[in-house]
$ cat protein_38.txt   # compact mmCIF, C-alpha atoms and all ligand atoms
# COMPACT_ATOMS: atom_id res chain seq x y z
CA MET A 24 107.21 70.76 108.40
CA THR A 25 105.25 71.84 105.35
CA ASP A 26 107.59 72.45 102.45
CA THR A 27 105.21 72.31 99.50
CA ILE A 28 101.84 73.95 99.05
CA THR A 29 99.52 73.76 96.08
CA ILE A 30 96.85 76.39 95.67
CA ARG A 31 94.44 77.48 92.96
CA THR A 32 96.21 79.86 90.59
CA PRO A 33 96.06 83.34 92.16
CA ASP A 34 94.49 86.49 90.73
CA ASP A 35 95.57 90.08 91.30
CA TRP A 36 92.55 92.30 91.97
CA HIS A 37 94.45 95.60 91.54
CA LEU A 38 97.27 95.96 89.02
CA HIS A 39 98.95 98.71 86.99
CA LEU A 40 100.32 97.52 83.67
CA ARG A 41 100.84 100.94 81.96
CA ASP A 42 101.31 100.98 78.20
CA GLY A 43 103.91 100.72 75.44
CA ALA A 44 107.41 99.54 76.38
CA MET A 45 106.58 99.47 80.09
CA LEU A 46 103.54 97.26 79.47
CA ARG A 47 105.61 94.85 77.40
CA ALA A 48 108.20 94.56 80.19
CA VAL A 49 105.86 94.19 83.17
CA ALA A 50 102.93 92.14 81.78
CA PRO A 51 104.96 88.88 81.68
CA GLU A 52 105.98 89.39 85.33
CA THR A 53 102.34 89.15 86.43
CA ALA A 54 101.28 86.57 83.82
CA ARG A 55 103.97 84.16 85.11
CA HIS A 56 102.09 83.45 88.37
CA PHE A 57 98.62 84.97 88.02
CA ALA A 58 95.63 83.90 85.93
CA ARG A 59 93.67 87.18 85.98
CA ALA A 60 94.06 90.75 87.14
CA ILE A 61 91.90 93.83 87.48
CA ILE A 62 93.71 96.36 85.31
CA MET A 63 93.84 99.93 86.53
CA PRO A 64 92.75 102.57 84.00
CA ASN A 65 95.00 105.48 85.06
CA LEU A 66 96.83 105.79 81.76
CA VAL A 67 97.55 109.18 80.20
CA PRO A 68 94.91 109.91 78.98
CA PRO A 69 92.79 107.66 81.20
CA VAL A 70 90.63 104.77 79.98
CA VAL A 71 87.16 106.31 80.12
CA THR A 72 85.08 104.55 77.46
CA GLY A 73 84.27 100.93 76.67
CA ALA A 74 86.03 101.30 73.31
CA GLU A 75 89.20 102.53 75.03
CA ALA A 76 89.06 99.62 77.49
CA ALA A 77 88.69 97.17 74.58
CA ALA A 78 91.65 98.73 72.73
CA TYR A 79 93.80 98.68 75.89
CA ARG A 80 92.86 95.05 76.43
CA GLU A 81 94.15 94.24 72.94
CA ARG A 82 97.47 95.97 73.67
CA ILE A 83 97.79 93.94 76.89
CA MET A 84 97.05 90.67 75.06
CA ALA A 85 99.72 91.56 72.48
CA ALA A 86 102.25 92.14 75.29
CA LEU A 87 101.78 88.67 76.82
CA PRO A 88 104.22 85.85 76.19
CA GLU A 89 103.20 83.30 73.57
CA GLY A 90 100.83 80.72 75.04
CA SER A 91 100.02 82.76 78.16
CA GLY A 92 96.57 82.04 79.56
CA PHE A 93 96.43 85.36 81.42
CA THR A 94 93.12 87.26 81.33
CA PRO A 95 93.06 91.01 81.91
CA LEU A 96 89.83 92.21 83.55
CA MET A 97 89.30 95.78 82.41
CA THR A 98 88.08 98.83 84.31
CA LEU A 99 86.85 102.28 83.40
CA TYR A 100 88.15 105.44 85.01
CA LEU A 101 85.22 107.29 86.56
CA THR A 102 85.04 111.00 85.73
CA GLU A 103 82.41 113.60 86.48
CA ASP A 104 81.39 113.28 82.81
CA THR A 105 81.01 109.48 82.72
CA ASP A 106 77.71 108.64 81.03
CA PRO A 107 75.68 106.00 82.95
CA THR A 108 74.25 104.56 79.71
CA ASP A 109 77.67 104.15 78.06
CA LEU A 110 79.01 102.54 81.22
CA ALA A 111 76.07 100.12 81.42
CA GLN A 112 76.58 99.20 77.76
CA ALA A 113 80.30 98.50 78.28
CA HIS A 114 79.41 96.31 81.26
CA ALA A 115 76.66 94.47 79.35
CA ASP A 116 79.07 93.91 76.44
CA GLY A 117 81.56 92.30 78.82
CA LEU A 118 84.20 94.95 78.08
CA ILE A 119 84.61 95.93 81.72
CA THR A 120 84.54 94.15 85.07
CA ALA A 121 84.56 97.20 87.35
CA VAL A 122 84.89 100.98 87.52
CA LYS A 123 87.64 102.85 89.38
CA LEU A 124 87.01 105.95 91.45
CA TYR A 125 90.01 108.21 92.00
CA PRO A 126 89.40 111.30 94.08
CA ALA A 127 90.85 114.06 91.86
CA GLY A 128 94.48 114.66 92.75
CA ALA A 129 94.83 111.66 95.10
CA THR A 130 97.58 109.84 93.22
CA THR A 131 99.35 109.12 89.92
CA ASN A 132 97.30 110.31 86.93
CA SER A 133 94.22 111.09 88.98
CA ALA A 134 93.69 114.64 87.67
CA SER A 135 90.57 113.54 85.76
CA GLY A 136 89.09 111.90 88.84
CA VAL A 137 86.13 112.98 90.91
CA ALA A 138 86.13 116.24 92.90
CA ASN A 139 82.39 116.60 93.43
CA PHE A 140 80.93 113.25 94.45
CA ASP A 141 77.34 114.47 93.89
CA LYS A 142 78.08 114.64 90.17
CA VAL A 143 78.66 110.89 89.92
CA ARG A 144 75.56 109.89 91.87
CA PRO A 145 73.55 108.88 88.75
CA VAL A 146 76.46 106.70 87.57
CA LEU A 147 76.75 105.02 90.96
CA GLU A 148 73.01 104.36 91.02
CA LYS A 149 73.24 102.78 87.58
CA MET A 150 76.17 100.64 88.75
CA ALA A 151 74.17 99.42 91.74
CA GLU A 152 71.31 98.54 89.39
CA ILE A 153 73.46 96.54 86.96
CA GLY A 154 75.75 95.00 89.60
CA CYS A 155 78.99 96.62 88.42
CA PRO A 156 81.50 96.91 91.29
CA LEU A 157 83.14 100.23 92.18
CA CYS A 158 86.84 100.10 93.10
CA VAL A 159 87.64 103.05 95.34
CA HIS A 160 90.92 104.80 96.09
CA CYS A 161 90.03 105.66 99.68
CA GLU A 162 91.85 108.92 100.41
CA VAL A 163 90.68 112.49 100.81
CA VAL A 164 92.92 115.09 99.22
CA ASP A 165 92.14 118.11 101.42
CA SER A 166 95.38 119.94 102.14
CA ASP A 167 94.41 120.37 105.81
CA ILE A 168 94.16 116.62 106.35
CA ASP A 169 97.38 114.94 107.37
CA ILE A 170 98.49 112.40 104.76
CA PHE A 171 98.51 109.64 107.38
CA ASP A 172 94.83 110.34 108.18
CA ARG A 173 93.53 110.51 104.63
CA GLU A 174 92.10 107.01 104.52
CA ALA A 175 90.26 107.18 107.86
CA VAL A 176 88.78 110.59 106.98
CA PHE A 177 87.71 109.38 103.52
CA ILE A 178 85.81 106.46 105.05
CA GLU A 179 83.88 108.77 107.32
CA ARG A 180 83.30 111.73 105.01
CA VAL A 181 82.98 110.14 101.57
CA LEU A 182 82.75 106.35 101.48
CA ASP A 183 80.17 105.77 104.15
CA PRO A 184 77.82 108.51 102.83
CA ILE A 185 78.15 107.12 99.27
CA ARG A 186 77.32 103.59 100.42
CA ARG A 187 74.34 104.74 102.49
CA ALA A 188 73.04 106.79 99.55
CA THR A 189 73.47 103.93 97.06
CA PRO A 190 72.01 100.70 98.40
CA GLY A 191 73.16 97.66 96.48
CA LEU A 192 76.37 99.26 95.21
CA ARG A 193 79.19 96.74 95.42
CA VAL A 194 82.35 98.47 96.58
CA VAL A 195 85.97 97.39 96.87
CA MET A 196 88.07 99.51 99.19
CA GLU A 197 91.37 99.40 97.32
CA HIS A 198 94.74 98.91 99.02
CA ILE A 199 93.61 99.54 102.59
CA THR A 200 96.40 100.67 104.90
CA THR A 201 94.82 101.31 108.29
CA MET A 202 93.08 99.55 111.15
CA GLN A 203 90.12 101.86 110.45
CA GLY A 204 90.02 100.46 106.91
CA VAL A 205 90.15 96.90 108.19
CA GLU A 206 87.39 97.57 110.71
CA TYR A 207 85.08 99.36 108.27
CA ALA A 208 85.54 96.66 105.61
CA SER A 209 84.97 93.78 108.00
CA GLU A 210 81.67 95.27 109.17
CA GLY A 211 80.41 96.15 105.68
CA GLY A 212 78.60 92.95 104.77
CA PRO A 213 78.82 91.02 101.51
CA GLU A 214 78.58 94.12 99.30
CA LEU A 215 81.88 95.45 100.62
CA GLY A 216 85.31 93.99 99.91
CA ALA A 217 88.84 95.26 100.47
CA THR A 218 92.11 94.61 98.72
CA ILE A 219 95.42 94.53 100.56
CA THR A 220 98.77 94.92 98.81
CA THR A 221 101.83 92.78 99.31
CA HIS A 222 104.02 95.71 100.29
CA HIS A 223 101.67 97.04 102.99
CA LEU A 224 102.00 93.66 104.74
CA VAL A 225 105.77 94.18 104.85
CA ILE A 226 106.58 97.87 105.36
CA ASN A 227 105.53 100.54 107.82
CA ARG A 228 106.34 104.24 107.62
CA ASN A 229 109.69 103.82 109.35
CA HIS A 230 110.89 101.80 106.39
CA ILE A 231 110.28 104.83 104.16
CA LEU A 232 111.63 107.52 106.44
CA ALA A 233 114.01 106.23 109.12
CA GLY A 234 117.74 106.12 108.38
CA GLY A 235 117.43 108.00 105.08
CA ILE A 236 114.54 108.38 102.66
CA LYS A 237 113.71 105.26 100.62
CA PRO A 238 111.84 106.31 97.49
CA HIS A 239 111.21 102.71 96.45
CA TYR A 240 109.01 102.24 99.53
CA TYR A 241 106.95 105.33 98.74
CA CYS A 242 103.48 104.56 97.45
CA LEU A 243 99.95 105.81 97.93
CA PRO A 244 98.22 105.36 100.22
CA VAL A 245 101.50 105.78 102.09
CA ALA A 246 102.45 103.02 104.56
CA LYS A 247 101.31 103.85 108.10
CA ARG A 248 102.44 103.02 111.66
CA GLU A 249 103.39 99.49 112.67
CA GLU A 250 100.06 98.91 114.46
CA HIS A 251 98.28 99.40 111.13
CA ARG A 252 100.59 96.99 109.32
CA LEU A 253 99.84 94.39 112.00
CA ALA A 254 96.09 94.95 111.55
CA LEU A 255 96.51 94.38 107.80
CA ARG A 256 98.44 91.16 108.42
CA ARG A 257 95.71 89.90 110.73
CA ALA A 258 93.04 90.75 108.15
CA ALA A 259 94.87 89.20 105.19
CA THR A 260 95.66 85.99 107.04
CA SER A 261 92.27 85.69 108.78
CA GLY A 262 90.49 83.84 105.98
CA ASP A 263 87.70 86.47 106.16
CA PRO A 264 86.26 86.58 102.61
CA THR A 265 86.14 90.40 102.78
CA PHE A 266 89.88 90.61 102.19
CA PHE A 267 91.74 89.64 99.04
CA LEU A 268 94.98 90.36 97.22
CA GLY A 269 95.31 93.46 95.07
CA THR A 270 99.03 94.03 94.70
CA ASP A 271 98.81 97.59 93.35
CA SER A 272 102.08 96.66 91.65
CA ALA A 273 102.81 100.05 90.11
CA PRO A 274 105.94 100.29 87.97
CA HIS A 275 107.75 103.59 87.59
CA THR A 276 111.21 103.90 86.09
CA ASP A 277 113.99 104.43 88.61
CA ALA A 278 114.58 107.80 86.95
CA ASN A 279 111.03 108.81 87.87
CA LYS A 280 111.22 107.37 91.40
CA LEU A 281 114.55 109.02 92.27
CA LEU A 282 113.55 112.64 91.77
CA PRO A 283 113.09 115.61 94.10
CA CYS A 284 109.37 114.88 93.58
CA GLY A 285 109.39 111.13 92.95
CA CYS A 286 106.47 109.01 91.78
CA ALA A 287 104.39 106.85 94.13
CA GLY A 288 104.36 103.10 93.57
CA CYS A 289 106.00 99.81 94.54
CA PHE A 290 106.68 97.22 91.85
CA THR A 291 105.92 93.82 93.38
CA ALA A 292 104.71 91.72 90.44
CA THR A 293 107.97 89.76 90.22
CA ASN A 294 108.22 88.45 93.80
CA THR A 295 104.71 88.87 95.23
CA MET A 296 103.85 85.18 95.63
CA SER A 297 107.15 84.39 97.36
CA ILE A 298 106.69 87.35 99.72
CA LEU A 299 103.11 86.40 100.55
CA ALA A 300 104.01 82.80 101.29
CA GLU A 301 106.74 84.04 103.64
CA VAL A 302 104.33 86.44 105.38
CA PHE A 303 101.60 83.82 105.74
CA GLU A 304 104.13 81.32 107.10
CA GLN A 305 105.35 83.90 109.63
CA GLU A 306 101.72 84.34 110.73
CA GLY A 307 101.16 80.57 110.97
CA ALA A 308 98.53 80.89 108.25
CA LEU A 309 99.91 79.12 105.17
CA ASP A 310 96.64 77.18 105.01
CA ARG A 311 94.83 80.50 104.39
CA LEU A 312 97.11 81.81 101.63
CA GLU A 313 94.80 80.35 98.99
CA SER A 314 91.75 82.16 100.40
CA PHE A 315 93.55 85.49 100.16
CA THR A 316 95.17 85.06 96.75
CA SER A 317 92.80 82.77 94.90
CA LEU A 318 89.34 82.32 96.46
CA ASN A 319 88.02 85.47 98.16
CA GLY A 320 88.52 87.78 95.17
CA PRO A 321 86.63 85.68 92.61
CA LYS A 322 83.87 85.14 95.14
CA PHE A 323 83.41 88.88 95.61
CA TYR A 324 83.41 89.50 91.86
CA GLY A 325 80.98 86.63 91.23
CA LEU A 326 83.52 84.64 89.23
CA ALA A 327 84.66 81.04 89.57
CA ALA A 328 88.03 80.39 91.18
CA ASN A 329 90.68 79.24 88.72
CA GLU A 330 90.68 75.52 87.99
CA SER A 331 94.45 75.42 87.51
CA THR A 332 96.91 75.37 90.42
CA ILE A 333 100.38 76.57 91.30
CA THR A 334 102.78 74.89 93.69
CA LEU A 335 105.12 76.74 96.02
CA ILE A 336 108.19 74.87 97.24
CA LYS A 337 110.22 75.83 100.28
CA GLY A 338 113.98 75.73 99.98
CA ASP A 339 117.08 77.90 99.76
CA PRO A 340 116.47 81.64 99.39
CA VAL A 341 114.79 82.38 96.08
CA ALA A 342 116.75 84.38 93.53
CA TYR A 343 114.91 87.18 91.80
CA PRO A 344 116.23 90.22 89.94
CA ASP A 345 116.83 93.54 91.74
CA LEU A 346 115.38 95.32 88.75
CA ILE A 347 113.82 94.66 85.42
CA GLU A 348 114.82 96.46 82.27
CA THR A 349 112.14 98.14 80.20
CA GLY A 350 112.40 100.12 77.00
CA ASP A 351 111.74 103.20 79.13
CA GLY A 352 114.47 102.50 81.72
CA SER A 353 114.98 100.18 84.70
CA VAL A 354 112.26 99.45 87.29
CA THR A 355 113.34 98.36 90.77
CA VAL A 356 111.69 95.23 92.15
CA PHE A 357 110.30 95.64 95.69
CA ASP A 358 112.85 94.62 98.33
CA PRO A 359 111.07 92.83 101.21
CA MET A 360 114.22 93.06 103.36
CA MET A 361 114.11 89.34 104.17
CA PRO A 362 115.15 86.18 102.40
CA LEU A 363 112.26 84.50 100.59
CA HIS A 364 112.15 80.73 100.78
CA TRP A 365 109.03 79.88 98.77
CA LYS A 366 109.57 79.44 95.06
CA VAL A 367 106.70 79.17 92.61
CA ALA A 368 106.98 76.01 90.53
CA ARG A 369 104.09 75.82 88.11
O1 LIG A 401 101.44 104.08 94.80
C1 LIG A 401 100.59 104.18 93.94
N1 LIG A 401 100.89 104.10 92.62
N2 LIG A 401 99.31 104.37 94.31
C2 LIG A 401 98.34 104.62 93.42
O2 LIG A 401 97.22 104.80 93.83
C3 LIG A 401 98.66 104.74 91.98
C4 LIG A 401 99.87 104.00 91.64
C5 LIG A 401 100.40 104.36 90.28
O3 LIG A 401 99.62 104.38 89.31
O4 LIG A 401 101.61 104.59 90.14
ZN ZN A 402 96.74 101.42 92.22
$ encode --input "protein_38.txt" --output "structure tokens" --more "lines below"
Ligand code: DOR
Ligand code: ZN
Amino acid sequence: MTDTITIRTPDDWHLHLRDGAMLRAVAPETARHFARAIIMPNLVPPVVTGAEAAAYRERIMAALPEGSGFTPLMTLYLTEDTDPTDLAQAHADGLITAVKLYPAGATTNSASGVANFDKVRPVLEKMAEIGCPLCVHCEVVDSDIDIFDREAVFIERVLDPIRRATPGLRVVMEHITTMQGVEYASEGGPELGATITTHHLVINRNHILAGGIKPHYYCLPVAKREEHRLALRRAATSGDPTFFLGTDSAPHTDANKLLPCGCAGCFTATNTMSILAEVFEQEGALDRLESFTSLNGPKFYGLAANESTITLIKGDPVAYPDLIETGDGSVTVFDPMMPLHWKVAR
């Protein structure tokens, strides 16, 4: 029986670190196990210019523990006013790795996102020209579309037309949650990638809604039926280079989660690697964990895999905190509802 695995140090290709006291509390949780992460720009106000990305990067570096080798890879928040020349300059200066597209109103702090996709066409064309990847929150926001169908409808109505209209644009479908997402991504060729979160490999919609409402399992895109979770597990554990880890670890204080209108987001930074090892072992795919967490993402982004390694050791159930304290209040750590046996030993 395998009880130790050593893999290249993982990267997180979709992460929310926030700012201020929350940033200082959550950044070390990711930096403990991960070498790099794509940092989401949905602050209030959002990160829209290269200068803002550079300033945010400095705040992240200041929040890291002494001696941490963690590298934040910055993104810009695409708005209908984003200037293609400014964006190209920020990319050429190495200030940003990617750009994030939020459909306006789709999720937390997405009010400045895109409502009219025609307005961002020149920016997308410039991104295709310079090779800057677009990270897409794949959900329509139309009130007549059922929330469980938002991803599938977005692929058909928005994503596919954008990709056809913009040859060469490199796109990451962020946090896919459906078999339609898996299918579209796997047929999209080398210019299309897809991130999968840790929590969407573990929960389906019953976990949120059956036997009482569980706000800590509420995130966006919302978890779907079991058949979709199983499709995500097959994709993540397949070794297909299209699919890589983006945790979408999204801390909100418990006070903000446990409200009549609670915030969307699962905080998984603390126990993600232990959960993933458990999931991959359940799927008989421990030998493909490294592809998902450490190899496929860098390959898509045109970066080298990390030289360093981490070792996971199997043993008694791993202890991790139920919550972490931040200067803004407590944040509950994602509960995978199963004992975790794989401990990260650096
Ligand atoms: O659950 C989510 N939380 N989904 C998102 O798209 C945004 C994120 C957040 O920023 O809290
Ligand atoms: Zn996110």
$ atom_distance --input "protein_38.txt" --atom1 "atom CA of Cys242 of chain A" --atom2 "atom O2 of ligand LIG 401 (chain A)"
7.2 Å
$ residues_near_point --input "protein_38.txt" --point "(106.5, 109.1, 92.7)" --cutoff "8 Å" --atoms "all atoms listed in the file" --output "list in words"
Thr131, Pro238, Tyr241, Cys242, His275, Asn279, Lys280, Leu282, Cys284, Gly285, Cys286, Ala287 and Gly288 of chain A
$ atom_distance --input "protein_38.txt" --atom1 "atom CA of Phe267 of chain A" --atom2 "atom CA of Ala138 of chain A"
27.9 Å
$ closest_residue --input "protein_38.txt" --among "A:Pro362, A:Pro274, A:Gly73, A:Pro68" --to "Ala44 of chain A" --atoms "all atoms listed in the file"
A:Pro274
$ atom_distance --input "protein_38.txt" --atom1 "atom CA of Asp141 of chain A" --atom2 "atom CA of Val176 of chain A"
17.8 Å
$ closest_residue --input "protein_38.txt" --among "A:Trp36, A:Tyr125, A:Phe140, A:Phe93" --to "Phe57 of chain A" --atoms "all atoms listed in the file"
A:Phe93
$ residues_around --input "protein_38.txt" --residues "Thr72 of chain A" --least-positions-apart "4" --cutoff "12 Å" --atoms "all atoms listed in the file" --output "PyMOL selection string"
chain A and resi 64+68+76-79+97-102+104-114+118-119+122
$ closest_residue --input "protein_38.txt" --among "A:Asn294, A:Thr201, A:Asn132, A:Asn65" --to "Glu162 of chain A" --atoms "all atoms listed in the file"
A:Thr201
$ residues_around --input "protein_38.txt" --residues "Glu52 of chain A" --least-positions-apart "2" --cutoff "12 Å" --atoms "only C-alpha atoms" --output "PyMOL selection string"
chain A and resi 38-40+45-50+54-58+86-88+91+93+272+274+290-296+343-344+346-349+356
$ closest_residue --input "protein_38.txt" --among "A:Ala258, A:Ile168, A:Val71, A:Ala129" --to "ligand LIG 401 (chain A)" --atoms "only C-alpha atoms and all ligand atoms"
A:Ala129
$ residues_near_point --input "protein_38.txt" --point "(91.2, 116.3, 83.3)" --cutoff "10 Å" --atoms "all atoms listed in the file" --output "ChimeraX atom specification"
/A:68-69,102-103,127,132-137
$ closest_residue --input "protein_38.txt" --among "A:Gly90, A:Gly235, A:Leu147, A:Arg256" --to "Met202 of chain A" --atoms "all atoms listed in the file"
A:Arg256
$ closest_residue --input "protein_38.txt" --among "A:Ala85, A:Leu232, A:Ile62, A:Cys289" --to "ligand LIG 401 (chain A)" --atoms "all atoms listed in the file"
A:Cys289
$ axis_aligned_box --input "protein_38.txt" --around "ligand LIG 401 (chain A)" --padding-each-side "6 Å" --output "JSON"
{"center_x": 99.4, "center_y": 104.4, "center_z": 92.1, "size_x": 16.4, "size_y": 12.8, "size_z": 17.5}
$ build_atoms --input "protein_38.txt" --residues "segment 303-324 of chain A" --atoms "N, CA and C atoms" --output "PDB file, keeping the file's coordinate frame"
ATOM      1  N   PHE A 303     102.609  84.727 105.189  1.00  0.00           N
ATOM      2  CA  PHE A 303     101.600  83.820 105.740  1.00  0.00           C
ATOM      3  C   PHE A 303     102.245  82.749 106.619  1.00  0.00           C
ATOM      4  N   GLU A 304     103.437  82.296 106.250  1.00  0.00           N
ATOM      5  CA  GLU A 304     104.130  81.320 107.100  1.00  0.00           C
ATOM      6  C   GLU A 304     104.500  81.966 108.437  1.00  0.00           C
ATOM      7  N   GLN A 305     105.009  83.201 108.383  1.00  0.00           N
ATOM      8  CA  GLN A 305     105.350  83.900 109.630  1.00  0.00           C
ATOM      9  C   GLN A 305     104.139  84.018 110.549  1.00  0.00           C
ATOM     10  N   GLU A 306     102.958  84.175 109.949  1.00  0.00           N
ATOM     11  CA  GLU A 306     101.720  84.340 110.730  1.00  0.00           C
ATOM     12  C   GLU A 306     101.078  82.992 111.065  1.00  0.00           C
ATOM     13  N   GLY A 307     101.729  81.895 110.707  1.00  0.00           N
ATOM     14  CA  GLY A 307     101.160  80.570 110.970  1.00  0.00           C
ATOM     15  C   GLY A 307      99.872  80.336 110.191  1.00  0.00           C
ATOM     16  N   ALA A 308      99.795  80.896 108.987  1.00  0.00           N
ATOM     17  CA  ALA A 308      98.530  80.890 108.250  1.00  0.00           C
ATOM     18  C   ALA A 308      98.708  80.426 106.797  1.00  0.00           C
ATOM     19  N   LEU A 309      99.697  79.584 106.549  1.00  0.00           N
ATOM     20  CA  LEU A 309      99.910  79.120 105.170  1.00  0.00           C
ATOM     21  C   LEU A 309      98.655  78.471 104.596  1.00  0.00           C
ATOM     22  N   ASP A 310      97.863  77.850 105.485  1.00  0.00           N
ATOM     23  CA  ASP A 310      96.640  77.180 105.010  1.00  0.00           C
ATOM     24  C   ASP A 310      95.577  78.193 104.564  1.00  0.00           C
ATOM     25  N   ARG A 311      95.800  79.486 104.831  1.00  0.00           N
ATOM     26  CA  ARG A 311      94.830  80.500 104.390  1.00  0.00           C
ATOM     27  C   ARG A 311      95.357  81.364 103.250  1.00  0.00           C
ATOM     28  N   LEU A 312      96.553  81.046 102.760  1.00  0.00           N
ATOM     29  CA  LEU A 312      97.110  81.810 101.630  1.00  0.00           C
ATOM     30  C   LEU A 312      96.175  81.732 100.419  1.00  0.00           C
ATOM     31  N   GLU A 313      95.652  80.534 100.167  1.00  0.00           N
ATOM     32  CA  GLU A 313      94.800  80.350  98.990  1.00  0.00           C
ATOM     33  C   GLU A 313      93.522  81.198  99.067  1.00  0.00           C
ATOM     34  N   SER A 314      92.954  81.318 100.266  1.00  0.00           N
ATOM     35  CA  SER A 314      91.750  82.160 100.400  1.00  0.00           C
ATOM     36  C   SER A 314      92.067  83.577  99.956  1.00  0.00           C
ATOM     37  N   PHE A 315      93.199  84.092 100.427  1.00  0.00           N
ATOM     38  CA  PHE A 315      93.550  85.490 100.160  1.00  0.00           C
ATOM     39  C   PHE A 315      93.909  85.723  98.699  1.00  0.00           C
ATOM     40  N   THR A 316      94.667  84.813  98.110  1.00  0.00           N
ATOM     41  CA  THR A 316      95.170  85.060  96.750  1.00  0.00           C
ATOM     42  C   THR A 316      94.279  84.501  95.651  1.00  0.00           C
ATOM     43  N   SER A 317      93.442  83.529  95.973  1.00  0.00           N
ATOM     44  CA  SER A 317      92.800  82.770  94.900  1.00  0.00           C
ATOM     45  C   SER A 317      91.306  82.502  95.058  1.00  0.00           C
ATOM     46  N   LEU A 318      90.754  82.682  96.256  1.00  0.00           N
ATOM     47  CA  LEU A 318      89.340  82.320  96.460  1.00  0.00           C
ATOM     48  C   LEU A 318      88.452  83.517  96.792  1.00  0.00           C
ATOM     49  N   ASN A 319      88.889  84.388  97.697  1.00  0.00           N
ATOM     50  CA  ASN A 319      88.020  85.470  98.160  1.00  0.00           C
ATOM     51  C   ASN A 319      87.716  86.486  97.070  1.00  0.00           C
ATOM     52  N   GLY A 320      88.707  86.787  96.243  1.00  0.00           N
ATOM     53  CA  GLY A 320      88.520  87.780  95.170  1.00  0.00           C
ATOM     54  C   GLY A 320      87.476  87.334  94.155  1.00  0.00           C
ATOM     55  N   PRO A 321      87.645  86.141  93.562  1.00  0.00           N
ATOM     56  CA  PRO A 321      86.630  85.680  92.610  1.00  0.00           C
ATOM     57  C   PRO A 321      85.248  85.625  93.221  1.00  0.00           C
ATOM     58  N   LYS A 322      85.176  85.224  94.477  1.00  0.00           N
ATOM     59  CA  LYS A 322      83.870  85.140  95.140  1.00  0.00           C
ATOM     60  C   LYS A 322      83.216  86.517  95.182  1.00  0.00           C
ATOM     61  N   PHE A 323      83.989  87.533  95.553  1.00  0.00           N
ATOM     62  CA  PHE A 323      83.410  88.880  95.610  1.00  0.00           C
ATOM     63  C   PHE A 323      82.938  89.326  94.226  1.00  0.00           C
ATOM     64  N   TYR A 324      83.735  89.054  93.220  1.00  0.00           N
ATOM     65  CA  TYR A 324      83.410  89.500  91.860  1.00  0.00           C
ATOM     66  C   TYR A 324      82.411  88.585  91.149  1.00  0.00           C
TER      67      TYR A 324
END
